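Below: the structure, in structure tokens.
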Amino acid sequence: MNNDENPRSEQPEDGASAVPDASVPPSPAQPPAQETTGRQRLKAGLWPPRLSRAQLIVAVLLFGLGLGLAIQVRSAGDDSALRGARQEDLVRILDEVDDRTQRLEDEKQRLDDQRTELENSSDQAEEARKQTLEKERQLGILAGTVAAQGPGITLTITDPARAVAPDMLLDAIQELRAAGAEAIEVNGVRVVANTYFSGGAGDVRVDGKKIEAPYEFTVIGKPQDLEPALNIPGGVVQTLEKEQATVLVERSDDIVVDALRPAQRPDYARSSSP
């Protein structure tokens, strides 16, 4: 074999890169692909939100349900005390509130009238004396030092099981006062601002004086307000009846409260008027 002959060109093996032909111009360089970070991929997946119509409807329904439950819970907390009341009881309670408002308006009008009379009276000194005596009489009724007479009710409570406790009778006093009672007497004891009930069931004491059943309340006030106040749902009458006591309420146009409290002179307080 002639050594000067050019060796035969060898073909590239499979997988090997072919030698580029110098006669073919090189293709332009491709720009490098931009690298995508994990935060960018997460942001692209979350925003803008891709909600289907069904998901949007469910979201709206859940929002409405939550709002309704919040309103219902708030409303239930406001009217829980009256939730079990009947319609006629609610109407009665509303009437009592209206009556109390009217009493306050009447009292305001009366005071305005007294001021006008005092300002317009030709003899202001005499008019002032009359008003002072009237005020003294009214304060005497509230303090229990003066007898009182007027419309009202009598409340009689029998206790055959000896289960009526002092706090139940105190609840009756508070309900009557809230309904506008102006003078109260219990078994011959005048009830005033500092009256207290003590003892236990079957051994009730009012201001330290023992009283026996039946307990008789003599009350002066507007009968149309006093009686319904005792019969509200869950009120005095129902509480006493649960203890097997019987309650009798009678209206009258002429009630007399004549049990008196001794007038007490204050030890330290003095009038600030000249």
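Identifiers for the structure tokens are assigned positionally: chains receive A, B, ... in sequence, residues are indexed from 1 per chain, and ligands are indexed from 1 in the order shown.
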Practice item. For A:Val191, list every protein, DNA or RNA residue within 10 Å, evaluated using only C-alpha atoms, and leave out those in the same chain fewer than 5 positions away; present the list as JSON, numbers by chain. Key: {"A": [142, 143, 144, 173, 183, 184, 185, 186, 196, 206, 207, 217, 219, 259, 260, 261]}
Preceding selection exported with C-alpha atoms as a PDB file, in the first residue's frame:
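Saved as part_22.pdb:
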```pdb
ATOM      1  CA  LEU A 142     -93.054  58.445 100.978  1.00  0.00           C
ATOM      2  CA  ALA A 143     -91.246  58.361 104.333  1.00  0.00           C
ATOM      3  CA  GLY A 144     -94.132  56.520 105.991  1.00  0.00           C
ATOM      4  CA  ILE A 173     -92.227  44.996  96.667  1.00  0.00           C
ATOM      5  CA  ALA A 183     -97.508  53.666  99.622  1.00  0.00           C
ATOM      6  CA  ILE A 184     -97.169  50.023 100.745  1.00  0.00           C
ATOM      7  CA  GLU A 185     -98.018  48.227 103.968  1.00  0.00           C
ATOM      8  CA  VAL A 186     -97.301  44.537 104.708  1.00  0.00           C
ATOM      9  CA  TYR A 196     -85.468  45.097 104.592  1.00  0.00           C
ATOM     10  CA  VAL A 206     -89.833  42.874 107.968  1.00  0.00           C
ATOM     11  CA  ASP A 207     -87.494  45.450 109.496  1.00  0.00           C
ATOM     12  CA  PHE A 217     -99.930  43.764 100.964  1.00  0.00           C
ATOM     13  CA  VAL A 219    -100.765  49.135  98.053  1.00  0.00           C
ATOM     14  CA  ALA A 259     -99.298  52.057 109.402  1.00  0.00           C
ATOM     15  CA  LEU A 260     -96.813  54.781 110.359  1.00  0.00           C
ATOM     16  CA  ARG A 261     -93.081  54.980 110.878  1.00  0.00           C
TER      17      ARG A 261
END
```
Practice item. Name the residues in contact with stretch 233-242 of chain A at a cut-off of 9 Å, using only C-alpha atoms, excluding same-chain residues fewer than 5 positions from it; report them as JSON, numbers by chain. Key: {"A": [82, 84, 85, 86, 89, 157, 159, 163, 164, 168, 169, 171, 172, 175, 247]}
Writer output for current selection, N, CA, C and O atoms, as a short mmCIF file (atom, residue, chain, number, x, y, z; two decimals), in the first residue's frame:
```
data_model
loop_
_atom_site.label_atom_id
_atom_site.label_comp_id
_atom_site.auth_asym_id
_atom_site.auth_seq_id
_atom_site.Cartn_x
_atom_site.Cartn_y
_atom_site.Cartn_z
N LEU A 82 -87.41 38.38 77.00
CA LEU A 82 -88.81 38.43 76.55
C LEU A 82 -89.12 37.36 75.52
O LEU A 82 -90.19 37.37 74.94
N GLY A 84 -89.80 34.21 75.67
CA GLY A 84 -90.91 33.29 75.93
C GLY A 84 -92.24 33.97 76.21
O GLY A 84 -93.20 33.28 76.54
N ALA A 85 -92.28 35.29 76.10
CA ALA A 85 -93.51 36.01 76.42
C ALA A 85 -94.51 35.91 75.26
O ALA A 85 -94.14 35.86 74.09
N ARG A 86 -95.77 35.87 75.64
CA ARG A 86 -96.83 35.87 74.63
C ARG A 86 -97.05 37.28 74.10
O ARG A 86 -96.59 38.25 74.69
N ASP A 89 -98.71 39.57 76.49
CA ASP A 89 -97.83 39.99 77.58
C ASP A 89 -96.88 41.09 77.11
O ASP A 89 -96.60 42.04 77.86
N ILE A 157 -101.14 36.60 100.01
CA ILE A 157 -100.34 35.41 99.69
C ILE A 157 -100.50 34.41 100.83
O ILE A 157 -100.12 34.70 101.97
N ASP A 159 -99.47 30.63 102.35
CA ASP A 159 -98.29 29.77 102.25
C ASP A 159 -98.49 28.50 103.04
O ASP A 159 -97.89 28.31 104.11
N ALA A 163 -93.15 27.68 102.34
CA ALA A 163 -92.01 27.70 101.41
C ALA A 163 -91.71 29.08 100.85
O ALA A 163 -90.76 29.24 100.08
N VAL A 164 -92.51 30.07 101.23
CA VAL A 164 -92.29 31.43 100.71
C VAL A 164 -91.13 32.07 101.48
O VAL A 164 -91.20 32.23 102.70
N MET A 168 -88.66 36.44 98.03
CA MET A 168 -89.83 36.43 97.14
C MET A 168 -90.75 37.60 97.46
O MET A 168 -91.30 38.24 96.56
N LEU A 169 -90.92 37.88 98.75
CA LEU A 169 -91.74 39.03 99.13
C LEU A 169 -91.05 40.35 98.76
O LEU A 169 -91.71 41.32 98.36
N ASP A 171 -89.15 40.71 96.14
CA ASP A 171 -89.37 40.84 94.69
C ASP A 171 -90.74 41.46 94.41
O ASP A 171 -90.88 42.27 93.49
N ALA A 172 -91.74 41.07 95.21
CA ALA A 172 -93.07 41.65 95.02
C ALA A 172 -93.05 43.15 95.30
O ALA A 172 -93.66 43.94 94.57
N GLU A 175 -91.39 44.93 92.32
CA GLU A 175 -92.26 45.00 91.14
C GLU A 175 -93.34 46.06 91.33
O GLU A 175 -93.67 46.80 90.40
N VAL A 247 -102.06 33.14 95.34
CA VAL A 247 -101.96 34.60 95.26
C VAL A 247 -103.31 35.16 94.84
O VAL A 247 -103.90 34.70 93.86
#
```
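You can rank A:Val189, A:Ile220, A:Ala161, A:Leu226 by their closest distance to A:Gly208 using only C-alpha atoms, and at the top of that list sits A:Val189.
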Exercise for review: Calculate how many Å separate atom CA of A:Arg162 from atom CA of A:Phe197, rounding to one decimal.
Suggested key: 16.0 Å
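Atom to atom, atom CA of A:Asp106 and atom CA of A:Gly180 stand 12.9 Å apart.
With only C-alpha atoms as the basis for measurement, A:Lys222 is the residue among A:Lys222, A:Arg265, A:Lys135, A:Arg270 that approaches A:Asp99 most closely.
The closest residue to A:Arg251, picked from A:Val192, A:Leu155, A:Leu111, A:Leu94 and counting only C-alpha atoms, is A:Leu155.
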Exercise for review: Taking the chain letters and numbering used in this document, name the residues of stretch 230-264 of chain A that DSSP puts in helix (DSSP H, G or I), as a count of residues only.
Suggested key: 8
